[in-house]
>>> print(open('target.cif').read())   # mmCIF, C-alpha atoms and all ligand atoms; chains and numbers go by the auth columns
data_data
loop_
_atom_site.group_PDB
_atom_site.id
_atom_site.type_symbol
_atom_site.label_atom_id
_atom_site.label_comp_id
_atom_site.label_asym_id
_atom_site.label_seq_id
_atom_site.Cartn_x
_atom_site.Cartn_y
_atom_site.Cartn_z
_atom_site.B_iso_or_equiv
_atom_site.auth_seq_id
_atom_site.auth_asym_id
ATOM 1 C CA MET A 1 -8.489 -11.790 159.307 0.00 954 H
ATOM 2 C CA LEU A 2 -5.065 -10.848 158.021 0.00 955 H
ATOM 3 C CA LYS A 3 -5.355 -7.050 157.842 0.00 956 H
ATOM 4 C CA ILE A 4 -7.514 -4.198 156.611 0.00 957 H
ATOM 5 C CA GLU A 5 -7.087 -4.565 152.858 0.00 958 H
ATOM 6 C CA HIS A 6 -8.929 -1.392 151.872 0.00 959 H
ATOM 7 C CA LEU A 7 -11.545 1.168 152.824 0.00 960 H
ATOM 8 C CA GLY A 8 -14.363 1.664 150.331 0.00 961 H
ATOM 9 C CA ILE A 9 -15.611 5.230 149.851 0.00 962 H
ATOM 10 C CA ALA A 10 -18.798 6.014 147.911 0.00 963 H
ATOM 11 C CA VAL A 11 -18.461 9.017 145.614 0.00 964 H
ATOM 12 C CA LYS A 12 -20.780 10.685 143.130 0.00 965 H
ATOM 13 C CA GLN A 13 -18.191 11.127 140.398 0.00 966 H
ATOM 14 C CA LEU A 14 -14.790 9.505 140.054 0.00 967 H
ATOM 15 C CA ASN A 15 -13.849 12.342 137.694 0.00 968 H
ATOM 16 C CA ASN A 16 -14.001 14.754 140.606 0.00 969 H
ATOM 17 C CA SER A 17 -12.859 12.433 143.371 0.00 970 H
ATOM 18 C CA ILE A 18 -9.786 10.861 141.756 0.00 971 H
ATOM 19 C CA PRO A 19 -7.902 14.197 141.529 0.00 972 H
ATOM 20 C CA LEU A 20 -9.124 15.116 145.015 0.00 973 H
ATOM 21 C CA PHE A 21 -7.752 11.902 146.549 0.00 974 H
ATOM 22 C CA GLU A 22 -4.559 12.170 144.509 0.00 975 H
ATOM 23 C CA GLN A 23 -3.993 15.529 146.173 0.00 976 H
ATOM 24 C CA LEU A 24 -5.099 14.363 149.592 0.00 977 H
ATOM 25 C CA LEU A 25 -2.958 11.197 149.605 0.00 978 H
ATOM 26 C CA ASN A 26 -0.164 12.626 147.457 0.00 979 H
ATOM 27 C CA THR A 27 -0.121 9.442 145.394 0.00 980 H
ATOM 28 C CA PRO A 28 -1.540 8.679 141.944 0.00 981 H
ATOM 29 C CA CYS A 29 -4.566 6.487 141.358 0.00 982 H
ATOM 30 C CA TYR A 30 -2.933 3.235 140.176 0.00 983 H
ATOM 31 C CA LYS A 31 -5.969 1.473 138.772 0.00 984 H
ATOM 32 C CA THR A 32 -9.539 2.034 137.660 0.00 985 H
ATOM 33 C CA GLU A 33 -11.838 -0.890 137.041 0.00 986 H
ATOM 34 C CA GLU A 34 -15.534 -1.359 136.329 0.00 987 H
ATOM 35 C CA VAL A 35 -17.342 -4.219 138.079 0.00 988 H
ATOM 36 C CA ALA A 36 -20.421 -4.465 135.873 0.00 989 H
ATOM 37 C CA SER A 37 -22.103 -7.145 138.004 0.00 990 H
ATOM 38 C CA GLU A 38 -22.093 -4.734 140.991 0.00 991 H
ATOM 39 C CA GLY A 39 -22.959 -1.613 139.018 0.00 992 H
ATOM 40 C CA VAL A 40 -19.808 0.217 140.094 0.00 993 H
ATOM 41 C CA SER A 41 -16.693 1.829 138.726 0.00 994 H
ATOM 42 C CA THR A 42 -13.764 1.744 141.113 0.00 995 H
ATOM 43 C CA ALA A 43 -10.485 3.608 141.525 0.00 996 H
ATOM 44 C CA PHE A 44 -7.640 2.451 143.782 0.00 997 H
ATOM 45 C CA PHE A 45 -4.906 4.218 145.740 0.00 998 H
ATOM 46 C CA GLN A 46 -2.060 2.767 147.791 0.00 999 H
ATOM 47 C CA THR A 47 -1.593 4.231 151.258 0.00 1000 H
ATOM 48 C CA GLY A 48 1.028 2.269 153.133 0.00 1001 H
ATOM 49 C CA GLY A 49 -0.757 -0.749 154.597 0.00 1002 H
ATOM 50 C CA ALA A 50 -4.313 -0.400 153.358 0.00 1003 H
ATOM 51 C CA LYS A 51 -5.706 0.787 150.044 0.00 1004 H
ATOM 52 C CA ILE A 52 -8.452 3.292 149.364 0.00 1005 H
ATOM 53 C CA GLU A 53 -11.163 2.196 146.926 0.00 1006 H
ATOM 54 C CA LEU A 54 -13.427 4.885 145.484 0.00 1007 H
ATOM 55 C CA LEU A 55 -16.776 3.628 144.206 0.00 1008 H
ATOM 56 C CA GLU A 56 -19.063 5.366 141.733 0.00 1009 H
ATOM 57 C CA ALA A 57 -22.447 3.938 140.711 0.00 1010 H
ATOM 58 C CA THR A 58 -22.819 3.077 137.032 0.00 1011 H
ATOM 59 C CA ASN A 59 -26.612 2.701 137.191 0.00 1012 H
ATOM 60 C CA GLU A 60 -29.559 3.646 139.395 0.00 1013 H
ATOM 61 C CA ALA A 61 -29.973 0.127 140.798 0.00 1014 H
ATOM 62 C CA SER A 62 -26.369 0.049 142.023 0.00 1015 H
ATOM 63 C CA PRO A 63 -25.925 -0.379 145.796 0.00 1016 H
ATOM 64 C CA ILE A 64 -23.686 2.710 145.639 0.00 1017 H
ATOM 65 C CA ALA A 65 -26.478 4.818 144.090 0.00 1018 H
ATOM 66 C CA LYS A 66 -28.792 3.722 146.904 0.00 1019 H
ATOM 67 C CA PHE A 67 -26.151 4.388 149.562 0.00 1020 H
ATOM 68 C CA ILE A 68 -25.486 7.924 148.291 0.00 1021 H
ATOM 69 C CA ALA A 69 -29.207 8.691 148.003 0.00 1022 H
ATOM 70 C CA LYS A 70 -29.649 7.662 151.643 0.00 1023 H
ATOM 71 C CA LYS A 71 -26.445 8.820 153.330 0.00 1024 H
ATOM 72 C CA GLY A 72 -24.507 10.933 150.849 0.00 1025 H
ATOM 73 C CA GLU A 73 -20.875 10.436 149.906 0.00 1026 H
ATOM 74 C CA GLY A 74 -18.572 8.865 152.473 0.00 1027 H
ATOM 75 C CA ILE A 75 -17.112 5.692 153.923 0.00 1028 H
ATOM 76 C CA HIS A 76 -19.069 2.742 152.567 0.00 1029 H
ATOM 77 C CA HIS A 77 -17.259 -0.406 153.750 0.00 1030 H
ATOM 78 C CA ILE A 78 -14.192 -1.887 155.413 0.00 1031 H
ATOM 79 C CA ALA A 79 -12.540 -4.784 153.623 0.00 1032 H
ATOM 80 C CA PHE A 80 -10.535 -7.382 155.507 0.00 1033 H
ATOM 81 C CA GLU A 81 -8.147 -9.661 153.704 0.00 1034 H
ATOM 82 C CA VAL A 82 -8.553 -13.339 154.539 0.00 1035 H
ATOM 83 C CA GLU A 83 -6.495 -16.385 153.678 0.00 1036 H
ATOM 84 C CA ASN A 84 -9.424 -18.679 152.842 0.00 1037 H
ATOM 85 C CA ILE A 85 -12.668 -16.844 152.156 0.00 1038 H
ATOM 86 C CA GLU A 86 -14.907 -19.911 152.197 0.00 1039 H
ATOM 87 C CA ALA A 87 -13.606 -21.038 155.587 0.00 1040 H
ATOM 88 C CA GLU A 88 -14.040 -17.516 156.973 0.00 1041 H
ATOM 89 C CA MET A 89 -17.587 -17.271 155.596 0.00 1042 H
ATOM 90 C CA LYS A 90 -18.478 -20.573 157.268 0.00 1043 H
ATOM 91 C CA ARG A 91 -16.909 -19.486 160.543 0.00 1044 H
ATOM 92 C CA LEU A 92 -18.803 -16.176 160.632 0.00 1045 H
ATOM 93 C CA GLN A 93 -22.099 -17.672 159.494 0.00 1046 H
ATOM 94 C CA ALA A 94 -21.886 -20.243 162.304 0.00 1047 H
ATOM 95 C CA LEU A 95 -21.500 -17.346 164.744 0.00 1048 H
ATOM 96 C CA GLY A 96 -24.705 -15.711 163.473 0.00 1049 H
ATOM 97 C CA PHE A 97 -23.328 -13.114 161.073 0.00 1050 H
ATOM 98 C CA GLU A 98 -25.508 -12.664 158.009 0.00 1051 H
ATOM 99 C CA LEU A 99 -23.736 -13.034 154.673 0.00 1052 H
ATOM 100 C CA LEU A 100 -25.023 -10.930 151.785 0.00 1053 H
ATOM 101 C CA ASN A 101 -23.805 -13.528 149.299 0.00 1054 H
ATOM 102 C CA GLU A 102 -23.690 -17.256 149.968 0.00 1055 H
ATOM 103 C CA ILE A 103 -20.854 -17.934 147.561 0.00 1056 H
ATOM 104 C CA PRO A 104 -17.805 -15.716 146.971 0.00 1057 H
ATOM 105 C CA LYS A 105 -18.261 -13.178 144.161 0.00 1058 H
ATOM 106 C CA ASN A 106 -15.756 -11.670 141.782 0.00 1059 H
ATOM 107 C CA GLY A 107 -14.736 -8.252 143.063 0.00 1060 H
ATOM 108 C CA ALA A 108 -12.409 -5.577 141.753 0.00 1061 H
ATOM 109 C CA ASP A 109 -8.624 -5.868 141.929 0.00 1062 H
ATOM 110 C CA ASN A 110 -8.432 -9.657 141.355 0.00 1063 H
ATOM 111 C CA LYS A 111 -10.364 -10.578 144.501 0.00 1064 H
ATOM 112 C CA LEU A 112 -13.031 -12.991 145.617 0.00 1065 H
ATOM 113 C CA VAL A 113 -15.364 -11.108 147.947 0.00 1066 H
ATOM 114 C CA CYS A 114 -18.223 -11.583 150.374 0.00 1067 H
ATOM 115 C CA PHE A 115 -20.144 -8.876 152.250 0.00 1068 H
ATOM 116 C CA LEU A 116 -21.653 -9.140 155.731 0.00 1069 H
ATOM 117 C CA HIS A 117 -24.982 -7.490 156.448 0.00 1070 H
ATOM 118 C CA PRO A 118 -24.450 -4.292 158.493 0.00 1071 H
ATOM 119 C CA LYS A 119 -27.327 -5.190 160.808 0.00 1072 H
ATOM 120 C CA THR A 120 -25.173 -8.004 162.235 0.00 1073 H
ATOM 121 C CA THR A 121 -21.953 -5.950 162.395 0.00 1074 H
ATOM 122 C CA ASN A 122 -22.879 -2.827 164.380 0.00 1075 H
ATOM 123 C CA GLY A 123 -23.868 -0.933 161.254 0.00 1076 H
ATOM 124 C CA VAL A 124 -20.567 -1.453 159.434 0.00 1077 H
ATOM 125 C CA LEU A 125 -20.657 -2.998 155.979 0.00 1078 H
ATOM 126 C CA VAL A 126 -17.806 -5.525 156.115 0.00 1079 H
ATOM 127 C CA GLU A 127 -16.203 -7.049 153.044 0.00 1080 H
ATOM 128 C CA LEU A 128 -14.084 -10.177 153.190 0.00 1081 H
ATOM 129 C CA CYS A 129 -11.645 -10.468 150.342 0.00 1082 H
ATOM 130 C CA GLN A 130 -9.210 -13.087 149.209 0.00 1083 H
ATOM 131 C CA GLU A 131 -6.671 -12.736 146.437 0.00 1084 H
ATOM 132 C CA LYS A 132 -7.607 -15.001 143.518 0.00 1085 H
ATOM 133 C CA ARG A 133 -5.064 -17.740 143.144 0.00 1086 H
HETATM 134 ZN ZN ZN B . -14.228 -3.070 148.538 0.00 1 K
#
>>> encode(input="target.cif", output="structure tokens")
Amino acid sequence: MLKIEHLGIAVKQLNNSIPLFEQLLNTPCYKTEEVASEGVSTAFFQTGGAKIELLEATNEASPIAKFIAKKGEGIHHIAFEVENIEAEMKRLQALGFELLNEIPKNGADNKLVCFLHPKTTNGVLVELCQEKR
């Protein structure tokens, strides 16, 4: 793993949370992007080393809608940047970590992503991400 690339935070409404995080971080949101396949709208902030990704559900079936219904707003996942996502997925799978997707998916912010099931990672939803080349 190269570094923590971003922290994902589930929010009810980007309209409310973008200005809140702009104030909190004292930096403007530099990008918003919908990932239709995941049922989310995202908003990104730069904070030194790692980014903050806000996630709002765009439909009821979205994993973010389910997360908020169960736990409320808050930290949703940690994303680690990797050099070669397929190699890292193989390495972790061989060690017994459960992958939520067997092949890398298109994520926001020009990334290939894979999530690890929280039941195999001490309750933390982990995202692997690799810059698309
Ligand atoms: Zn993420």
>>> closest_residue(input="target.cif", among="H:Lys1085, H:Lys1064, H:Lys965, H:His1070", to="ligand ZN 1 (chain K)", atoms="all atoms listed in the file")
H:Lys1064
>>> resolve_selection(input="target.cif", expression="the PyMOL selection byres (((chain H and resi 967) around 9) and not hetatm)", output="list in words")
Val964, Lys965, Gln966, Asn968, Asn969, Ser970, Ile971, Pro972, Ser994, Thr995, Ala996, Leu1007, Leu1008 and Glu1009 of chain H
>>> resolve_selection(input="target.cif", expression="the PyMOL selection byres (((chain H and resi 1080) around 9) and not hetatm)", output="MDAnalysis selection string")
chainID H and resid 1030:1034 1066:1069 1078:1079 1081:1082
>>> atom_distance(input="target.cif", atom1="atom CA of H:Thr985", atom2="atom CA of H:Phe997")
6.4 Å
>>> atom_distance(input="target.cif", atom1="atom CA of H:Gly1060", atom2="atom CA of H:Glu1041")
16.7 Å
>>> resolve_selection(input="target.cif", expression="the PyMOL selection byres (((chain H and resi 1001-1005) around 9) and not hetatm)", output="MDAnalysis selection string")
chainID H and resid 956:962 996:1000 1006:1007
>>> atom_distance(input="target.cif", atom1="atom CA of H:Leu1053", atom2="atom CA of H:Thr1074")
12.1 Å
>>> residues_around(input="target.cif", residues="stretch 990-992 of chain H", least_positions_apart="6", cutoff="7 Å", atoms="all atoms listed in the file", output="ChimeraX atom specification")
/H:1010-1012,1015
>>> closest_residue(input="target.cif", among="H:Leu973, H:Val1077, H:Ile1056, H:Glu986", to="H:Ile1028", atoms="all atoms listed in the file")
H:Val1077
>>> axis_aligned_box(input="target.cif", around="stretch 996-1003 of chain H", padding_each_side="6 Å", output="AutoDock Vina command-line options")
--center_x -4.7 --center_y 1.7 --center_z 148.1 --size_x 23.5 --size_y 17.0 --size_z 25.1
>>> closest_residue(input="target.cif", among="H:Glu1051, H:Glu1084, H:Glu975, H:Asp1062", to="ligand ZN 1 (chain K)", atoms="only C-alpha atoms and all ligand atoms")
H:Asp1062
>>> closest_residue(input="target.cif", among="H:Ala1040, H:Ala1022, H:Val988, H:Leu1048", to="ligand ZN 1 (chain K)", atoms="all atoms listed in the file")
H:Val988
>>> closest_residue(input="target.cif", among="H:Ile1038, H:Ala1047, H:Leu1052, H:Ala963", to="ligand ZN 1 (chain K)", atoms="all atoms listed in the file")
H:Ala963
>>> closest_residue(input="target.cif", among="H:Ala1061, H:Leu978, H:Asn1075, H:Pro1016", to="ligand ZN 1 (chain K)", atoms="only C-alpha atoms and all ligand atoms")
H:Ala1061
>>> decode(input="target.cif", residues="stretch 959-974 of chain H", atoms="all heavy atoms", output="PDB file, in the first residue's frame")
ATOM      1  N   HIS H 959      -7.635   8.465   0.402  1.00  0.00           N
ATOM      2  CA  HIS H 959      -8.719   9.314   0.909  1.00  0.00           C
ATOM      3  C   HIS H 959      -9.506   8.598   1.995  1.00  0.00           C
ATOM      4  O   HIS H 959      -9.397   7.393   2.168  1.00  0.00           O
ATOM      5  CB  HIS H 959      -9.664   9.764  -0.215  1.00  0.00           C
ATOM      6  CG  HIS H 959     -10.412   8.649  -0.895  1.00  0.00           C
ATOM      7  ND1 HIS H 959      -9.931   8.010  -2.017  1.00  0.00           N
ATOM      8  CD2 HIS H 959     -11.609   8.071  -0.625  1.00  0.00           C
ATOM      9  CE1 HIS H 959     -10.810   7.089  -2.400  1.00  0.00           C
ATOM     10  NE2 HIS H 959     -11.831   7.098  -1.572  1.00  0.00           N
ATOM     11  N   LEU H 960     -10.271   9.400   2.731  1.00  0.00           N
ATOM     12  CA  LEU H 960     -11.272   8.877   3.666  1.00  0.00           C
ATOM     13  C   LEU H 960     -12.640   9.157   3.053  1.00  0.00           C
ATOM     14  O   LEU H 960     -12.892  10.274   2.604  1.00  0.00           O
ATOM     15  CB  LEU H 960     -11.196   9.605   5.011  1.00  0.00           C
ATOM     16  CG  LEU H 960     -10.083   9.239   5.960  1.00  0.00           C
ATOM     17  CD1 LEU H 960     -10.243  10.059   7.232  1.00  0.00           C
ATOM     18  CD2 LEU H 960     -10.109   7.761   6.279  1.00  0.00           C
ATOM     19  N   GLY H 961     -13.497   8.143   3.049  1.00  0.00           N
ATOM     20  CA  GLY H 961     -14.851   8.314   2.536  1.00  0.00           C
ATOM     21  C   GLY H 961     -15.814   8.565   3.681  1.00  0.00           C
ATOM     22  O   GLY H 961     -15.809   7.835   4.675  1.00  0.00           O
ATOM     23  N   ILE H 962     -16.634   9.607   3.554  1.00  0.00           N
ATOM     24  CA  ILE H 962     -17.578   9.982   4.605  1.00  0.00           C
ATOM     25  C   ILE H 962     -18.981   9.989   4.009  1.00  0.00           C
ATOM     26  O   ILE H 962     -19.232  10.660   2.995  1.00  0.00           O
ATOM     27  CB  ILE H 962     -17.222  11.370   5.182  1.00  0.00           C
ATOM     28  CG1 ILE H 962     -15.830  11.318   5.807  1.00  0.00           C
ATOM     29  CG2 ILE H 962     -18.275  11.829   6.192  1.00  0.00           C
ATOM     30  CD1 ILE H 962     -15.320  12.650   6.306  1.00  0.00           C
ATOM     31  N   ALA H 963     -19.883   9.212   4.602  1.00  0.00           N
ATOM     32  CA  ALA H 963     -21.268   9.147   4.137  1.00  0.00           C
ATOM     33  C   ALA H 963     -22.038  10.337   4.681  1.00  0.00           C
ATOM     34  O   ALA H 963     -21.992  10.605   5.886  1.00  0.00           O
ATOM     35  CB  ALA H 963     -21.909   7.840   4.606  1.00  0.00           C
ATOM     36  N   VAL H 964     -22.720  11.043   3.791  1.00  0.00           N
ATOM     37  CA  VAL H 964     -23.523  12.200   4.210  1.00  0.00           C
ATOM     38  C   VAL H 964     -24.923  12.090   3.609  1.00  0.00           C
ATOM     39  O   VAL H 964     -25.128  11.419   2.592  1.00  0.00           O
ATOM     40  CB  VAL H 964     -22.875  13.550   3.796  1.00  0.00           C
ATOM     41  CG1 VAL H 964     -21.467  13.666   4.370  1.00  0.00           C
ATOM     42  CG2 VAL H 964     -22.856  13.740   2.288  1.00  0.00           C
ATOM     43  N   LYS H 965     -25.874  12.757   4.261  1.00  0.00           N
ATOM     44  CA  LYS H 965     -27.243  12.718   3.739  1.00  0.00           C
ATOM     45  C   LYS H 965     -27.374  13.613   2.515  1.00  0.00           C
ATOM     46  O   LYS H 965     -28.017  13.253   1.548  1.00  0.00           O
ATOM     47  CB  LYS H 965     -28.228  13.163   4.826  1.00  0.00           C
ATOM     48  CG  LYS H 965     -28.411  12.117   5.915  1.00  0.00           C
ATOM     49  CD  LYS H 965     -29.401  12.588   6.963  1.00  0.00           C
ATOM     50  CE  LYS H 965     -29.510  11.555   8.081  1.00  0.00           C
ATOM     51  NZ  LYS H 965     -30.113  12.143   9.296  1.00  0.00           N
ATOM     52  N   GLN H 966     -26.778  14.798   2.586  1.00  0.00           N
ATOM     53  CA  GLN H 966     -26.944  15.767   1.509  1.00  0.00           C
ATOM     54  C   GLN H 966     -25.654  16.519   1.247  1.00  0.00           C
ATOM     55  O   GLN H 966     -25.173  17.271   2.099  1.00  0.00           O
ATOM     56  CB  GLN H 966     -28.007  16.788   1.901  1.00  0.00           C
ATOM     57  CG  GLN H 966     -29.406  16.194   1.969  1.00  0.00           C
ATOM     58  CD  GLN H 966     -30.446  17.228   1.612  1.00  0.00           C
ATOM     59  OE1 GLN H 966     -30.330  18.391   2.005  1.00  0.00           O
ATOM     60  NE2 GLN H 966     -31.453  16.830   0.856  1.00  0.00           N
ATOM     61  N   LEU H 967     -25.120  16.338   0.042  1.00  0.00           N
ATOM     62  CA  LEU H 967     -23.910  17.090  -0.325  1.00  0.00           C
ATOM     63  C   LEU H 967     -24.150  18.594  -0.219  1.00  0.00           C
ATOM     64  O   LEU H 967     -23.246  19.337   0.155  1.00  0.00           O
ATOM     65  CB  LEU H 967     -23.482  16.746  -1.755  1.00  0.00           C
ATOM     66  CG  LEU H 967     -22.863  15.363  -1.983  1.00  0.00           C
ATOM     67  CD1 LEU H 967     -22.488  15.211  -3.454  1.00  0.00           C
ATOM     68  CD2 LEU H 967     -21.639  15.146  -1.103  1.00  0.00           C
ATOM     69  N   ASN H 968     -25.380  19.021  -0.552  1.00  0.00           N
ATOM     70  CA  ASN H 968     -25.680  20.457  -0.503  1.00  0.00           C
ATOM     71  C   ASN H 968     -25.396  21.070   0.861  1.00  0.00           C
ATOM     72  O   ASN H 968     -24.989  22.224   0.955  1.00  0.00           O
ATOM     73  CB  ASN H 968     -27.157  20.705  -0.837  1.00  0.00           C
ATOM     74  CG  ASN H 968     -27.401  20.617  -2.326  1.00  0.00           C
ATOM     75  OD1 ASN H 968     -26.439  20.627  -3.108  1.00  0.00           O
ATOM     76  ND2 ASN H 968     -28.659  20.511  -2.714  1.00  0.00           N
ATOM     77  N   ASN H 969     -25.634  20.284   1.904  1.00  0.00           N
ATOM     78  CA  ASN H 969     -25.342  20.782   3.252  1.00  0.00           C
ATOM     79  C   ASN H 969     -23.895  20.532   3.637  1.00  0.00           C
ATOM     80  O   ASN H 969     -23.275  21.330   4.329  1.00  0.00           O
ATOM     81  CB  ASN H 969     -26.235  20.084   4.291  1.00  0.00           C
ATOM     82  CG  ASN H 969     -27.695  20.399   4.086  1.00  0.00           C
ATOM     83  OD1 ASN H 969     -28.036  21.467   3.576  1.00  0.00           O
ATOM     84  ND2 ASN H 969     -28.555  19.478   4.454  1.00  0.00           N
ATOM     85  N   SER H 970     -23.362  19.384   3.219  1.00  0.00           N
ATOM     86  CA  SER H 970     -22.057  18.960   3.721  1.00  0.00           C
ATOM     87  C   SER H 970     -20.886  19.606   2.992  1.00  0.00           C
ATOM     88  O   SER H 970     -19.831  19.787   3.582  1.00  0.00           O
ATOM     89  CB  SER H 970     -21.946  17.438   3.642  1.00  0.00           C
ATOM     90  OG  SER H 970     -22.917  16.863   4.499  1.00  0.00           O
ATOM     91  N   ILE H 971     -21.060  19.948   1.711  1.00  0.00           N
ATOM     92  CA  ILE H 971     -19.944  20.593   1.003  1.00  0.00           C
ATOM     93  C   ILE H 971     -19.569  21.911   1.680  1.00  0.00           C
ATOM     94  O   ILE H 971     -18.398  22.110   2.036  1.00  0.00           O
ATOM     95  CB  ILE H 971     -20.238  20.762  -0.509  1.00  0.00           C
ATOM     96  CG1 ILE H 971     -20.194  19.391  -1.191  1.00  0.00           C
ATOM     97  CG2 ILE H 971     -19.234  21.720  -1.159  1.00  0.00           C
ATOM     98  CD1 ILE H 971     -20.620  19.399  -2.654  1.00  0.00           C
ATOM     99  N   PRO H 972     -20.536  22.834   1.922  1.00  0.00           N
ATOM    100  CA  PRO H 972     -20.135  24.073   2.610  1.00  0.00           C
ATOM    101  C   PRO H 972     -19.595  23.823   4.017  1.00  0.00           C
ATOM    102  O   PRO H 972     -18.660  24.511   4.458  1.00  0.00           O
ATOM    103  CB  PRO H 972     -21.421  24.908   2.662  1.00  0.00           C
ATOM    104  CG  PRO H 972     -22.489  24.133   1.994  1.00  0.00           C
ATOM    105  CD  PRO H 972     -21.930  22.863   1.464  1.00  0.00           C
ATOM    106  N   LEU H 973     -20.128  22.811   4.696  1.00  0.00           N
ATOM    107  CA  LEU H 973     -19.634  22.508   6.043  1.00  0.00           C
ATOM    108  C   LEU H 973     -18.159  22.083   5.995  1.00  0.00           C
ATOM    109  O   LEU H 973     -17.324  22.580   6.755  1.00  0.00           O
ATOM    110  CB  LEU H 973     -20.483  21.396   6.665  1.00  0.00           C
ATOM    111  CG  LEU H 973     -20.187  21.049   8.115  1.00  0.00           C
ATOM    112  CD1 LEU H 973     -21.473  20.650   8.822  1.00  0.00           C
ATOM    113  CD2 LEU H 973     -19.175  19.933   8.260  1.00  0.00           C
ATOM    114  N   PHE H 974     -17.823  21.192   5.065  1.00  0.00           N
ATOM    115  CA  PHE H 974     -16.425  20.738   4.978  1.00  0.00           C
ATOM    116  C   PHE H 974     -15.514  21.811   4.391  1.00  0.00           C
ATOM    117  O   PHE H 974     -14.330  21.855   4.709  1.00  0.00           O
ATOM    118  CB  PHE H 974     -16.333  19.405   4.225  1.00  0.00           C
ATOM    119  CG  PHE H 974     -16.595  18.226   5.124  1.00  0.00           C
ATOM    120  CD1 PHE H 974     -17.888  17.825   5.398  1.00  0.00           C
ATOM    121  CD2 PHE H 974     -15.543  17.566   5.745  1.00  0.00           C
ATOM    122  CE1 PHE H 974     -18.141  16.762   6.272  1.00  0.00           C
ATOM    123  CE2 PHE H 974     -15.782  16.510   6.612  1.00  0.00           C
ATOM    124  CZ  PHE H 974     -17.087  16.109   6.877  1.00  0.00           C
TER     125      PHE H 974
END
